[in-house]
Amino acid sequence: MIHVRYGGGLGEGGRASGVWILGVLNKLHCKVFITDGHYAMQDGDKSAMKLYPNLKGKPPSKMKEIRMIEGRKWSDYGDVRWYILE
């Protein structure tokens with residue numbers, strides 16, 4: 001699963017950070033998670049979880065970092081980290 005520069009808004013900023021993705025990683029049996037770590041709960045995230053309650057869940061208890069790419073080399077929005085989910 002890749003969670004980098006999630007959202008949109010064409011310069012106005014997104015209305016969802018995709019924080020709900022953390023709650024489905026276990027359910028999807030995800031093995032590798034790539035993320036920029038921006039998880040601020042926003043209205044769009046709340047709306048998605050209200051509309052689709054199965055998105056609610058616990059994030060993985062153990063994530064082992066295996067790689068880091070400097071933000072300027074990916075999206076220039078912070079470092080991007082690769083995790084193995086245990």
# chains A, B, ... in the order shown; residues from 1 in each chain; ligands from 1
>>> select_by_dssp(residues="region 17-66 of chain A", states="strand (DSSP E or B)", output="ChimeraX atom specification")
/A:32-35,63-66
>>> select_by_dssp(residues="chain A", states="alpha helix (DSSP H)", output="mmCIF file with C-alpha atoms, in the first residue's frame")
data_model
loop_
_atom_site.group_PDB
_atom_site.id
_atom_site.type_symbol
_atom_site.label_atom_id
_atom_site.label_comp_id
_atom_site.auth_asym_id
_atom_site.auth_seq_id
_atom_site.Cartn_x
_atom_site.Cartn_y
_atom_site.Cartn_z
ATOM 1 C CA ILE A 21 -5.832 3.587 5.441
ATOM 2 C CA LEU A 22 -4.018 2.699 8.674
ATOM 3 C CA GLY A 23 -7.149 0.921 9.889
ATOM 4 C CA VAL A 24 -7.432 -1.356 6.844
ATOM 5 C CA ASP A 43 -13.556 15.985 7.409
ATOM 6 C CA GLY A 44 -13.206 13.750 4.348
ATOM 7 C CA ASP A 45 -11.705 10.960 6.454
ATOM 8 C CA LYS A 46 -14.538 11.234 8.967
ATOM 9 C CA SER A 47 -17.139 11.173 6.188
ATOM 10 C CA ALA A 48 -15.560 8.119 4.554
ATOM 11 C CA MET A 49 -15.503 6.187 7.833
ATOM 12 C CA LYS A 50 -19.095 7.174 8.578
ATOM 13 C CA LEU A 51 -20.245 6.055 5.134
ATOM 14 C CA GLY A 71 11.336 13.864 0.406
ATOM 15 C CA ARG A 72 13.087 15.893 -2.277
ATOM 16 C CA LYS A 73 13.694 12.679 -4.214
ATOM 17 C CA TRP A 74 10.040 11.595 -4.196
#
>>> atom_distance(atom1="CA of Arg15 (chain A)", atom2="CA of Ser75 (chain A)")
19.0 Å
>>> residues_around(residues="Pro59 (chain A)", least_positions_apart="6", cutoff="12 Å", atoms="only C-alpha atoms", output="ChimeraX atom specification")
/A:19-30,33,85-86
>>> atom_distance(atom1="CA of Lys31 (chain A)", atom2="CA of Tyr83 (chain A)")
8.3 Å
>>> residues_around(residues="His38 (chain A)", least_positions_apart="3", cutoff="8 Å", atoms="only C-alpha atoms", output="short mmCIF file (atom, residue, chain, number, x, y, z; two decimals) with C-alpha atoms, in the first residue's frame")
data_model
loop_
_atom_site.label_atom_id
_atom_site.label_comp_id
_atom_site.auth_asym_id
_atom_site.auth_seq_id
_atom_site.Cartn_x
_atom_site.Cartn_y
_atom_site.Cartn_z
CA ARG A 5 0.68 12.99 -0.91
CA SER A 17 -5.47 12.76 4.65
CA VAL A 19 -5.64 8.32 7.82
CA THR A 35 4.12 6.47 3.51
#
>>> closest_residue(among="A:Met68, A:Leu55, A:Ile84, A:Ile2", to="Val32 (chain A)", atoms="only C-alpha atoms")
A:Ile84
>>> atom_distance(atom1="CA of Val4 (chain A)", atom2="CA of Gly57 (chain A)")
20.2 Å
>>> decode(residues="region 54-73 of chain A", atoms="N, CA and C atoms", output="compact mmCIF listing (two decimals), in the first residue's frame")
# COMPACT_ATOMS: atom_id res chain seq x y z
N ASN A 54 -16.63 -0.18 7.79
CA ASN A 54 -15.61 -1.23 7.75
C ASN A 54 -14.20 -0.66 7.55
N LEU A 55 -14.09 0.64 7.28
CA LEU A 55 -12.77 1.27 7.19
C LEU A 55 -12.15 1.49 8.56
N LYS A 56 -12.99 1.44 9.59
CA LYS A 56 -12.47 1.63 10.95
C LYS A 56 -11.76 0.35 11.38
N GLY A 57 -10.62 0.53 11.97
CA GLY A 57 -9.86 -0.61 12.46
C GLY A 57 -8.61 -0.13 13.17
N LYS A 58 -7.90 -1.07 13.74
CA LYS A 58 -6.67 -0.74 14.44
C LYS A 58 -5.51 -0.79 13.47
N PRO A 59 -4.60 0.18 13.60
CA PRO A 59 -3.40 0.13 12.77
C PRO A 59 -2.51 -1.04 13.18
N PRO A 60 -1.62 -1.46 12.32
CA PRO A 60 -0.71 -2.55 12.69
C PRO A 60 0.07 -2.21 13.95
N SER A 61 0.26 -3.20 14.80
CA SER A 61 0.96 -2.94 16.06
C SER A 61 2.47 -2.83 15.85
N LYS A 62 2.99 -3.49 14.82
CA LYS A 62 4.44 -3.43 14.57
C LYS A 62 4.70 -3.13 13.11
N MET A 63 5.46 -2.06 12.90
CA MET A 63 5.88 -1.70 11.56
C MET A 63 7.40 -1.51 11.61
N LYS A 64 8.12 -2.30 10.84
CA LYS A 64 9.58 -2.23 10.84
C LYS A 64 10.04 -1.43 9.62
N GLU A 65 10.71 -0.31 9.88
CA GLU A 65 11.19 0.52 8.78
C GLU A 65 12.34 -0.20 8.07
N ILE A 66 12.23 -0.27 6.73
CA ILE A 66 13.28 -0.94 5.96
C ILE A 66 13.97 0.00 4.97
N ARG A 67 13.38 1.17 4.75
CA ARG A 67 13.98 2.10 3.79
C ARG A 67 13.41 3.48 4.00
N MET A 68 14.24 4.49 3.69
CA MET A 68 13.77 5.88 3.75
C MET A 68 14.31 6.60 2.52
N ILE A 69 13.43 7.33 1.87
CA ILE A 69 13.81 8.13 0.72
C ILE A 69 13.57 9.59 1.09
N GLU A 70 14.57 10.42 0.91
CA GLU A 70 14.41 11.84 1.23
C GLU A 70 13.27 12.42 0.40
N GLY A 71 12.50 13.28 1.05
CA GLY A 71 11.34 13.86 0.41
C GLY A 71 11.63 14.53 -0.92
N ARG A 72 12.76 15.19 -1.03
CA ARG A 72 13.09 15.89 -2.28
C ARG A 72 13.27 14.93 -3.45
N LYS A 73 13.51 13.66 -3.15
CA LYS A 73 13.69 12.68 -4.21
C LYS A 73 12.39 12.00 -4.63
